[in-house]
Every structure is written in structure tokens, then in C-alpha cells.
file final_28.csv (CSV, C-alpha atoms and all ligand atoms)
chain,number,residue,atom,x,y,z
P,27,MET,CA,7.8,70.0,29.7
P,28,THR,CA,8.8,70.2,26.0
P,29,ARG,CA,6.1,68.9,23.6
P,30,VAL,CA,7.4,67.0,20.6
P,31,ILE,CA,5.6,65.6,17.5
P,32,VAL,CA,7.1,62.5,15.9
P,33,THR,CA,5.5,61.7,12.5
P,34,GLY,CA,6.1,58.1,11.6
P,35,GLY,CA,6.3,57.5,15.3
P,36,ALA,CA,4.9,53.9,15.1
P,37,GLY,CA,7.6,52.9,12.6
P,38,PHE,CA,10.9,51.2,13.2
P,39,ILE,CA,13.0,54.3,13.8
P,40,GLY,CA,10.1,56.4,15.1
P,41,SER,CA,9.2,54.0,17.8
P,42,HIS,CA,12.7,54.1,19.2
P,43,LEU,CA,12.8,57.9,19.0
P,44,CYS,CA,9.5,58.2,20.9
P,45,ARG,CA,10.7,55.9,23.6
P,46,THR,CA,14.0,57.7,24.1
P,47,LEU,CA,12.3,61.1,24.1
P,48,LEU,CA,9.9,59.9,26.8
P,49,GLU,CA,12.8,58.6,28.9
P,50,LYS,CA,14.4,62.0,28.6
P,51,GLY,CA,11.2,63.7,29.9
P,52,TYR,CA,9.5,65.0,26.8
P,53,GLU,CA,5.8,64.9,26.1
P,54,VAL,CA,5.5,63.0,22.8
P,55,ILE,CA,2.7,63.1,20.2
P,56,CYS,CA,3.1,60.2,17.8
P,57,ILE,CA,1.5,60.6,14.4
P,58,ASP,CA,1.4,57.6,12.0
P,59,ASN,CA,-1.0,56.3,9.3
P,60,LEU,CA,0.2,52.7,10.1
P,61,TYR,CA,1.0,52.0,6.4
P,62,THR,CA,4.4,50.5,7.5
P,63,GLY,CA,4.3,51.4,11.1
P,64,SER,CA,2.6,49.3,13.7
P,65,LYS,CA,0.8,49.8,17.0
P,66,GLU,CA,2.8,46.8,18.3
P,67,ASN,CA,6.0,49.0,18.1
P,68,ILE,CA,4.5,51.5,20.6
P,69,ALA,CA,2.3,49.1,22.7
P,70,ASP,CA,4.3,49.7,25.8
P,71,LEU,CA,4.1,53.5,25.4
P,72,LEU,CA,0.3,53.8,25.1
P,73,GLN,CA,-0.1,53.7,28.9
P,74,ASN,CA,2.3,56.5,29.4
P,75,SER,CA,0.4,59.8,30.2
P,76,ASN,CA,3.1,61.8,28.4
P,77,PHE,CA,2.5,59.9,25.2
P,78,GLU,CA,-0.3,60.3,22.7
P,79,PHE,CA,-0.9,58.3,19.5
P,80,ILE,CA,-2.9,59.9,16.6
P,81,LYS,CA,-3.7,57.8,13.5
P,82,HIS,CA,-3.3,60.4,10.8
P,83,ASP,CA,-1.8,60.7,7.3
P,84,ILE,CA,0.4,63.8,6.9
P,85,THR,CA,-0.7,64.3,3.4
P,86,ASP,CA,-3.8,65.8,5.2
P,87,GLY,CA,-3.2,68.9,7.3
P,88,ILE,CA,-3.2,68.8,11.1
P,89,ILE,CA,-3.0,71.5,13.8
P,90,ILE,CA,-1.2,70.6,17.0
P,91,ASN,CA,1.0,72.9,19.1
P,92,ALA,CA,4.5,71.6,19.8
P,93,GLU,CA,8.0,73.0,20.3
P,94,GLN,CA,9.7,70.4,18.1
P,95,ILE,CA,8.6,68.3,15.1
P,96,TYR,CA,10.6,65.2,14.0
P,97,ASN,CA,9.3,64.4,10.5
P,98,LEU,CA,10.0,60.7,9.8
P,99,ALA,CA,6.7,59.7,8.1
P,100,CYS,CA,7.5,57.9,4.8
P,101,PRO,CA,7.8,54.3,3.8
P,102,ALA,CA,11.6,53.7,3.6
P,103,SER,CA,12.1,50.1,2.4
P,104,PRO,CA,12.3,49.8,-1.4
P,105,VAL,CA,9.7,47.0,-1.3
P,106,HIS,CA,7.1,49.2,0.5
P,107,TYR,CA,7.8,52.5,-1.3
P,108,GLN,CA,7.7,50.8,-4.7
P,109,ASN,CA,4.4,49.3,-3.8
P,110,GLN,CA,2.9,52.7,-3.2
P,111,PRO,CA,5.1,55.1,-5.3
P,112,ILE,CA,2.6,57.9,-5.8
P,113,GLN,CA,1.6,57.9,-2.1
P,114,THR,CA,5.3,58.0,-1.3
P,115,ILE,CA,5.8,61.1,-3.5
P,116,LYS,CA,2.8,62.7,-1.9
P,117,THR,CA,4.2,62.0,1.6
P,118,SER,CA,7.6,63.5,0.9
P,119,THR,CA,6.1,66.6,-0.9
P,120,LEU,CA,2.6,67.4,0.2
P,121,GLY,CA,3.1,65.7,3.6
P,122,VAL,CA,6.4,67.6,4.3
P,123,TRP,CA,4.8,70.9,3.1
P,124,ASN,CA,1.9,70.4,5.5
P,125,MET,CA,4.3,69.7,8.5
P,126,LEU,CA,6.5,72.6,7.5
P,127,ASN,CA,3.5,74.9,7.5
P,128,LEU,CA,2.6,73.6,10.9
P,129,ALA,CA,6.2,74.3,12.1
P,130,LYS,CA,6.0,77.8,10.6
P,131,LYS,CA,2.6,78.5,12.3
P,132,THR,CA,3.5,77.2,15.7
P,133,LYS,CA,7.2,78.3,15.6
P,134,ALA,CA,8.3,74.7,16.2
P,135,ARG,CA,11.8,73.5,15.3
P,136,PHE,CA,11.5,71.0,12.4
P,137,LEU,CA,13.8,68.1,11.8
P,138,GLN,CA,13.5,66.3,8.4
P,139,ALA,CA,14.5,62.7,8.2
P,140,SER,CA,16.2,62.7,4.8
P,141,THR,CA,18.3,59.8,3.5
P,142,SER,CA,21.5,58.6,1.9
P,143,GLU,CA,19.3,57.8,-1.1
P,144,VAL,CA,19.7,61.5,-2.1
P,145,TYR,CA,23.2,60.4,-3.3
P,146,GLY,CA,21.6,57.8,-5.6
P,147,ASP,CA,24.2,55.4,-7.0
P,148,PRO,CA,27.1,57.5,-5.9
P,149,SER,CA,30.1,58.3,-8.1
P,150,VAL,CA,31.9,59.8,-5.1
P,151,HIS,CA,32.9,57.5,-2.3
P,152,PRO,CA,32.5,57.8,0.7
P,153,GLN,CA,29.6,60.3,0.4
P,154,LYS,CA,30.1,63.8,1.9
P,155,GLU,CA,27.1,66.2,2.3
P,156,SER,CA,28.6,68.4,-0.4
P,157,TYR,CA,28.1,65.7,-3.0
P,158,TRP,CA,25.0,66.3,-5.1
P,159,GLY,CA,24.3,62.7,-6.0
P,160,ASN,CA,23.5,60.5,-9.0
P,161,VAL,CA,19.8,59.7,-9.1
P,162,ASN,CA,17.8,58.3,-12.0
P,163,PRO,CA,14.8,60.7,-11.9
P,164,ILE,CA,12.5,58.2,-13.7
P,165,GLY,CA,13.6,54.9,-12.2
P,166,ILE,CA,11.8,52.7,-9.7
P,167,ARG,CA,13.6,54.3,-6.8
P,168,ALA,CA,12.8,57.9,-7.9
P,169,CYS,CA,9.5,58.1,-6.0
P,170,TYR,CA,11.6,57.9,-2.8
P,171,ASP,CA,14.9,59.4,-3.9
P,172,GLU,CA,13.5,62.4,-5.7
P,173,GLY,CA,10.7,62.8,-3.1
P,174,LYS,CA,13.3,63.1,-0.4
P,175,ARG,CA,15.4,65.4,-2.5
P,176,LEU,CA,12.4,67.7,-3.0
P,177,ALA,CA,11.7,67.5,0.7
P,178,GLU,CA,15.2,68.8,1.4
P,179,CYS,CA,14.6,71.5,-1.1
P,180,LEU,CA,11.3,72.5,0.6
P,181,CYS,CA,13.0,72.5,4.0
P,182,MET,CA,15.8,74.8,2.7
P,183,GLU,CA,13.3,77.2,1.2
P,184,PHE,CA,11.3,77.4,4.5
P,185,ASP,CA,14.6,78.2,6.1
P,186,ARG,CA,15.4,80.9,3.6
P,187,GLN,CA,12.0,82.3,2.8
P,188,HIS,CA,10.2,81.9,6.1
P,189,GLU,CA,13.1,81.7,8.6
P,190,ALA,CA,11.6,78.5,10.0
P,191,GLU,CA,14.0,76.6,12.3
P,192,ILE,CA,15.0,73.6,10.1
P,193,ARG,CA,17.3,70.7,10.8
P,194,VAL,CA,18.0,68.1,8.0
P,195,ILE,CA,19.7,64.7,8.6
P,196,ARG,CA,20.6,62.1,6.0
P,197,ILE,CA,20.1,58.7,7.4
P,198,PHE,CA,22.2,55.8,6.1
P,199,ASN,CA,21.0,52.1,6.3
P,200,THR,CA,19.8,51.5,9.8
P,201,TYR,CA,18.8,48.3,11.5
P,202,GLY,CA,17.6,47.0,14.9
P,203,PRO,CA,14.6,45.7,16.9
P,204,ASN,CA,11.2,46.7,15.7
P,205,MET,CA,11.9,46.2,12.0
P,206,ALA,CA,8.9,44.5,10.5
P,207,LEU,CA,9.2,40.8,9.6
P,208,ASN,CA,8.1,41.8,6.1
P,209,ASP,CA,10.2,45.0,6.0
P,210,GLY,CA,12.1,43.7,2.9
P,211,ARG,CA,15.4,45.3,3.7
P,212,VAL,CA,18.5,43.3,3.8
P,213,ILE,CA,19.3,42.8,7.5
P,214,SER,CA,15.8,41.8,8.5
P,215,ASN,CA,15.4,39.6,5.4
P,216,PHE,CA,18.7,37.8,6.1
P,217,LEU,CA,18.1,37.4,9.8
P,218,VAL,CA,14.5,36.0,9.4
P,219,GLN,CA,15.7,33.7,6.6
P,220,ALA,CA,18.7,32.4,8.7
P,221,ILE,CA,16.6,31.9,11.9
P,222,LYS,CA,13.9,30.0,9.9
P,223,GLY,CA,16.6,28.0,8.0
P,224,ASP,CA,15.2,29.4,4.7
P,225,PRO,CA,17.6,30.2,1.8
P,226,ILE,CA,19.4,33.6,2.2
P,227,THR,CA,18.4,35.7,-0.9
P,228,ILE,CA,21.4,37.8,-2.2
P,229,TYR,CA,20.3,40.1,-5.0
P,230,GLY,CA,23.0,40.4,-7.7
P,231,ASP,CA,26.4,38.8,-6.9
P,232,GLY,CA,26.6,40.3,-3.4
P,233,SER,CA,29.6,42.6,-4.2
P,234,GLN,CA,27.5,45.8,-3.7
P,235,THR,CA,28.3,47.5,-0.3
P,236,ARG,CA,26.3,49.1,2.4
P,237,SER,CA,27.2,50.7,5.8
P,238,PHE,CA,24.8,49.7,8.6
P,239,GLN,CA,24.1,51.7,11.8
P,240,TYR,CA,22.4,50.4,14.8
P,241,VAL,CA,19.2,52.3,15.6
P,242,SER,CA,20.2,53.6,19.1
P,243,ASP,CA,23.2,55.4,17.5
P,244,LEU,CA,20.9,57.1,15.0
P,245,VAL,CA,18.4,58.2,17.6
P,246,ASN,CA,21.2,59.8,19.7
P,247,GLY,CA,22.4,61.7,16.6
P,248,MET,CA,18.9,62.8,15.7
P,249,ILE,CA,18.3,64.3,19.2
P,250,LYS,CA,21.7,66.0,19.2
P,251,MET,CA,20.9,67.5,15.8
P,252,MET,CA,17.5,68.8,17.1
P,253,GLU,CA,18.9,70.1,20.3
P,254,GLN,CA,21.7,72.3,18.9
P,255,ASP,CA,21.0,75.9,18.0
P,256,ASP,CA,22.9,76.9,15.0
P,257,PHE,CA,23.4,74.2,12.3
P,258,VAL,CA,20.7,73.5,9.7
P,259,GLY,CA,22.5,70.7,8.0
P,260,PRO,CA,22.1,68.5,6.0
P,261,VAL,CA,24.3,66.1,8.0
P,262,ASN,CA,25.0,62.4,7.4
P,263,LEU,CA,24.1,60.1,10.2
P,264,GLY,CA,25.5,56.6,9.5
P,265,ASN,CA,28.1,54.1,10.5
P,266,PRO,CA,31.1,54.2,8.2
P,267,GLY,CA,31.9,50.5,8.5
P,268,GLU,CA,31.4,49.2,5.0
P,269,PHE,CA,30.5,45.6,4.1
P,270,THR,CA,29.6,43.7,1.0
P,271,ILE,CA,26.1,42.1,1.0
P,272,LYS,CA,27.9,38.7,0.7
P,273,GLU,CA,29.9,39.5,3.8
P,274,LEU,CA,26.7,40.4,5.6
P,275,ALA,CA,25.1,37.1,4.5
P,276,GLU,CA,28.0,35.1,5.9
P,277,LYS,CA,28.0,37.1,9.2
P,278,VAL,CA,24.3,36.5,9.6
P,279,ILE,CA,24.6,32.8,9.0
P,280,LYS,CA,27.4,32.6,11.6
P,281,VAL,CA,25.6,34.6,14.4
P,282,CYS,CA,22.5,32.6,13.8
P,283,ASN,CA,24.4,29.3,13.7
P,284,SER,CA,22.2,28.7,10.6
P,285,LYS,CA,22.2,25.9,8.1
P,286,SER,CA,20.6,28.2,5.4
P,287,GLU,CA,22.2,28.1,2.0
P,288,ILE,CA,22.8,31.3,0.0
P,289,ILE,CA,20.8,31.7,-3.2
P,290,TYR,CA,21.2,34.5,-5.8
P,291,LYS,CA,18.4,36.5,-7.3
P,292,PRO,CA,18.4,39.3,-9.9
P,293,LEU,CA,19.7,42.7,-8.8
P,294,PRO,CA,16.8,45.2,-8.8
P,295,ASN,CA,17.1,48.2,-11.2
P,296,ASP,CA,19.1,51.2,-10.0
P,297,ASP,CA,20.4,49.4,-6.9
P,298,PRO,CA,23.3,51.5,-5.7
P,299,ARG,CA,26.7,49.7,-6.1
P,300,LYS,CA,28.2,51.1,-2.9
P,301,ARG,CA,27.4,53.3,0.0
P,302,LYS,CA,29.4,54.7,2.9
P,303,PRO,CA,29.0,57.9,4.9
P,304,ASP,CA,31.7,60.4,5.5
P,305,ILE,CA,30.7,61.5,9.0
P,306,SER,CA,33.3,64.2,9.7
P,307,LEU,CA,30.6,66.9,9.6
P,308,ALA,CA,28.5,65.1,12.3
P,309,LYS,CA,31.7,64.6,14.4
P,310,GLU,CA,32.5,68.3,14.1
P,311,LYS,CA,29.1,69.9,14.5
P,312,LEU,CA,27.4,67.4,16.8
P,313,ASP,CA,30.3,65.6,18.5
P,314,TRP,CA,28.5,62.4,17.4
P,315,GLU,CA,29.7,59.1,16.1
P,316,PRO,CA,28.2,55.6,16.2
P,317,ILE,CA,29.4,53.3,19.0
P,318,ILE,CA,27.6,50.0,18.3
P,319,PRO,CA,29.7,47.8,15.9
P,320,LEU,CA,27.8,45.6,13.4
P,321,ASP,CA,28.7,42.4,15.2
P,322,GLU,CA,27.1,43.6,18.4
P,323,GLY,CA,24.0,45.1,16.7
P,324,ILE,CA,23.3,42.0,14.7
P,325,ILE,CA,23.2,39.9,17.8
P,326,LYS,CA,20.7,42.3,19.5
P,327,THR,CA,18.6,42.3,16.3
P,328,ARG,CA,18.8,38.5,16.0
P,329,ASP,CA,17.5,38.1,19.5
P,330,TYR,CA,14.6,40.4,18.7
P,331,PHE,CA,13.6,38.4,15.6
P,332,ILE,CA,13.9,35.1,17.5
P,333,GLU,CA,11.3,36.4,20.0
P,334,ARG,CA,9.2,37.9,17.3
P,335,LEU,CA,9.0,34.7,15.3
P,336,LYS,CA,8.1,32.8,18.4
P,337,ARG,CA,5.1,35.2,18.9
P,338,GLU,CA,4.0,34.7,15.3
P,339,LYS,CA,3.6,30.9,15.8
T,1,LIG,N1,19.4,42.9,-0.7
T,1,LIG,C1,19.7,41.5,-0.9
T,1,LIG,N2,18.8,40.6,-0.4
T,1,LIG,C2,17.6,41.0,0.2
T,1,LIG,C3,17.3,42.3,0.4
T,1,LIG,C4,18.2,43.3,-0.1
T,1,LIG,O1,20.7,41.2,-1.5
T,1,LIG,O2,16.8,40.1,0.6
T,1,LIG,C5,20.4,43.9,-1.2
T,1,LIG,C6,19.8,45.0,-2.1
T,1,LIG,O3,19.7,44.6,-3.4
T,1,LIG,C7,20.8,46.1,-1.8
T,1,LIG,C8,21.2,45.9,-0.4
T,1,LIG,O4,20.9,44.5,-0.1
T,1,LIG,O5,21.9,46.0,-2.6
T,1,LIG,C9,20.5,46.8,0.7
T,1,LIG,O6,19.1,46.7,0.4
T,1,LIG,P1,18.1,47.3,1.3
T,1,LIG,O7,16.7,47.1,0.7
T,1,LIG,O8,18.3,46.9,2.7
T,1,LIG,O9,18.4,48.9,1.4
T,1,LIG,P2,18.8,50.0,0.3
T,1,LIG,O10,20.1,50.4,0.8
T,1,LIG,O11,19.0,49.3,-1.1
T,1,LIG,O12,17.8,51.0,0.3

call {"tool": "encode", "arguments": {"input": "final_28.csv", "output": "C-alpha cells"}}
result
Amino acid sequence: MTRVIVTGGAGFIGSHLCRTLLEKGYEVICIDNLYTGSKENIADLLQNSNFEFIKHDITDGIIINAEQIYNLACPASPVHYQNQPIQTIKTSTLGVWNMLNLAKKTKARFLQASTSEVYGDPSVHPQKESYWGNVNPIGIRACYDEGKRLAECLCMEFDRQHEAEIRVIRIFNTYGPNMALNDGRVISNFLVQAIKGDPITIYGDGSQTRSFQYVSDLVNGMIKMMEQDDFVGPVNLGNPGEFTIKELAEKVIKVCNSKSEIIYKPLPNDDPRKRKPDISLAKEKLDWEPIIPLDEGIIKTRDYFIERLKREK
């Protein structure tokens, strides 16, 4: 049985990854400090004898033997990382360094969950992996963007200097069940607001764009990247369908049959104007592309939040 560590395993994406790996017959060790992750996301896994949860912060070292390490630990919503910017930097630098050292010692293959944020507010559209990005190094997003950029740099040096087995993926906006109610990102905010009948909060004029991938598509891509033997990456994993935030708000109001009005709030500093992945490299190297369209994924996510809000009452 292959033993796998998933850091950030109690988070939104991590919990889906743990569940899929267990279904595929892996033994899974989930490490999470529960800053943004939650035990509720993995409640159904705790009884599984192939699953172990360890409450631990990766900025402290840990020694566990495994064949594969998926390193997802890091707050990823702007609201959360901007609340704890220094801890976010430590997680993406010291934390990644700790986990890379563990990979080196145990000869585990190491997959780093990087991000489309390495492209910053891109001046090239759509974004290819060869684009170096446009990041404000001293802005309010830098703790995350520069943290993740340095994490990629560390990974590449462990590949070059230590011949560690590295895989790097760049995750574009992802959504689905298990997002926290207070996650703060756009799809969860809009769905929760629409279901409750609260105003939908568009930041700026809503003309900025994002490309949204459903979480199961991402998890399939992550596992494909980990399982192949010769490509280090980085590789974009995202859905190239591009929507304005205004279009998204209208879509959400429609699928929720909601009476919510749209209100406009100031655009946060350094908010990227547009984002869309070029996924030709993922298609070529991994034979991967997303299959869940936004309309279908939004309905699944809506149903999750309807249930979740009932439980809150
Ligand atoms: N956004 C919005 N209303 C919200 C939350 C976010 O208009 O309630 C906007 C945000 O300013 C950004 C886009 O939606 O332009 C995506 O934001 P999110 O935080 O989901 O992710 P990002 O891609 O910015 O990291």
C-alpha cells in the first residue's frame, strides 16, 4: 500500500484529495493546523483505518515516512492570508523547506501546490507556464504571491541541488463543496449571499475576469501529475472558461432563483484584472483537461451550501 502525506488535508481541496486517494487504495496521513481547514471536512474519513489525522503546523519539522507528499498547507483565500500575512510567508517558505527536507530524507516524491497568483496581475493573457508574472512585491497580496513564488524556487533548487523528486502545479481558481462559509472567495461568497437573500457584493465594477475549475477536475490533475515519472513542471491546472465577476453574480442569482440585489464595493488593492490558464502543457504532458462546466459545478456547490446553511441554524 502506498503511503501518502497530504499537508493541508483538512482544507477545502485537501479534503477532496484525501478522500479520492483513499478510494484509490492509498494510505493517507493528513496534516493540518486547522487555521483554515476543519475537522468537519474529514469527519467521514476519521473512521477509515487507512486514514490518520495529525494536527500539526508545517512551520515546525516532522518526521514521517511516506512515498509521496502533497504539500497543500497554506491559507489560500485573500481574506485569510491577509489576516495572517507573516504566518502565510512562513508557511510557504519555512514550511515548504521543512517538508522538502522530509521528502529528501525519506526519498518521497513531493508535489507542491503552487498557484496562478505567481502570475500576479498578468500582462500576458491567457497565462502560459513560461510567463514570469507581474507581482507587486510589497503589496497586500505579496505574502501569498511571493511566498508561493519562493516555494517554487525552493522546489526547483531541491530538484537541481538534491535531486529530490519534485512536481509543481499552479492551481487556478477552484470551487466546490467543503469551501468554508467564511472562505471569503467569490463563488462561496456569492452562493451564500444568494441563498440567504443577502446583497451580492461585487468588488469594483465586476469587469475583472476569473476562470473557475471544479474541485474534482483539479484533484484528478494533481494525482496525474504526481503519478507520472518524468515531468517536474510547473504545470497550470485550471479551467480555461473565462467569466467576468458580473457574469458570475448573474449566474449565481439565476441558479439560486434568488431575489438578492447586486451591490458594489471597492476593489481591493492589486486585485488581478484578468486570469485564464493556457492548459496546453497539462493536455500534452498529463493528458488532462477539466470536464465539469461552470454551470454544472455551481449547481453542485449550491446544493452543498444549502445543506450547510441548514446545519448552521
Ligand atoms: N470578489 C467579489 N466579491 C466577493 C469576493 C471576491 O467581487 O465577495 C472578486 C475579487 O475582487 C476578485 C474576484 O472576485 O476580483 C476573485 O476573488 P477571489 O477572492 O475568489 O480570488 P482571487 O482570484 O482574487 O484570489

call {"tool": "residues_near_ligand", "arguments": {"input": "final_28.csv", "ligand": "ligand LIG 1 (chain T)", "cutoff": "9 Å", "atoms": "only C-alpha atoms and all ligand atoms", "output": "number ranges by chain"}}
result
P: 102-105, 142-143, 167, 198-201, 209-216, 219, 226-237, 270-272, 275, 290-295, 297-301

call {"tool": "atom_distance", "arguments": {"input": "final_28.csv", "atom1": "atom CA of Ile249 of chain P", "atom2": "atom CA of Ala134 of chain P"}}
result
14.7 Å

call {"tool": "closest_residue", "arguments": {"input": "final_28.csv", "among": "P:Asp147, P:Asp255, P:Asp296, P:Asp83", "to": "Leu120 of chain P", "atoms": "all atoms listed in the file"}}
result
P:Asp83

call {"tool": "atom_distance", "arguments": {"input": "final_28.csv", "atom1": "atom CA of Pro266 of chain P", "atom2": "atom CA of Pro148 of chain P"}}
result
15.0 Å

call {"tool": "closest_residue", "arguments": {"input": "final_28.csv", "among": "P:Val54, P:Leu126, P:Leu207, P:Leu312", "to": "Ile88 of chain P", "atoms": "all atoms listed in the file"}}
result
P:Leu126

call {"tool": "closest_residue", "arguments": {"input": "final_28.csv", "among": "P:Lys285, P:Gln254, P:Gln138, P:Glu276", "to": "Asp313 of chain P", "atoms": "all atoms listed in the file"}}
result
P:Gln254

call {"tool": "atom_distance", "arguments": {"input": "final_28.csv", "atom1": "atom CA of Gly159 of chain P", "atom2": "atom CA of Cys181 of chain P"}}
result
18.0 Å

call {"tool": "closest_residue", "arguments": {"input": "final_28.csv", "among": "P:Asn208, P:Asn97, P:Ser284, P:Asn109", "to": "Leu137 of chain P", "atoms": "only C-alpha atoms"}}
result
P:Asn97

call {"tool": "residues_around", "arguments": {"input": "final_28.csv", "residues": "Ile164 of chain P", "least_positions_apart": "4", "cutoff": "12 Å", "atoms": "all atoms listed in the file", "output": "PDB file with C-alpha atoms, in the coordinates of the input"}}
result
ATOM      1  CA  PRO P 111       5.100  55.100  -5.300  1.00  0.00           C
ATOM      2  CA  ALA P 168      12.800  57.900  -7.900  1.00  0.00           C
ATOM      3  CA  CYS P 169       9.500  58.100  -6.000  1.00  0.00           C
ATOM      4  CA  TYR P 170      11.600  57.900  -2.800  1.00  0.00           C
ATOM      5  CA  ASP P 171      14.900  59.400  -3.900  1.00  0.00           C
ATOM      6  CA  GLU P 172      13.500  62.400  -5.700  1.00  0.00           C
ATOM      7  CA  GLY P 173      10.700  62.800  -3.100  1.00  0.00           C
ATOM      8  CA  ASN P 295      17.100  48.200 -11.200  1.00  0.00           C
ATOM      9  CA  ASP P 296      19.100  51.200 -10.000  1.00  0.00           C
TER      10      ASP P 296
END

call {"tool": "closest_residue", "arguments": {"input": "final_28.csv", "among": "P:Val245, P:Ser64, P:Glu183, P:Asp256", "to": "Arg45 of chain P", "atoms": "all atoms listed in the file"}}
result
P:Val245

call {"tool": "residues_around", "arguments": {"input": "final_28.csv", "residues": "Ser140 of chain P", "least_positions_apart": "3", "cutoff": "6 Å", "atoms": "all atoms listed in the file", "output": "MDAnalysis selection string"}}
result
chainID P and resid 174 195:196

call {"tool": "closest_residue", "arguments": {"input": "final_28.csv", "among": "P:Gly264, P:Pro225, P:Gly202, P:Gly247", "to": "Lys326 of chain P", "atoms": "only C-alpha atoms"}}
result
P:Gly202

call {"tool": "axis_aligned_box", "arguments": {"input": "final_28.csv", "around": "segment 279-298 of chain P", "padding_each_side": "5 Å", "output": "JSON"}}
result
{"center_x": 22.1, "center_y": 38.7, "center_z": 1.6, "size_x": 20.6, "size_y": 35.6, "size_z": 35.6}

call {"tool": "residues_around", "arguments": {"input": "final_28.csv", "residues": "Ile324 of chain P", "least_positions_apart": "4", "cutoff": "10 Å", "atoms": "all atoms listed in the file", "output": "ChimeraX atom specification"}}
result
/P:201-203,213-214,217,238,240,274,277-278,281-282,318-320,328-330
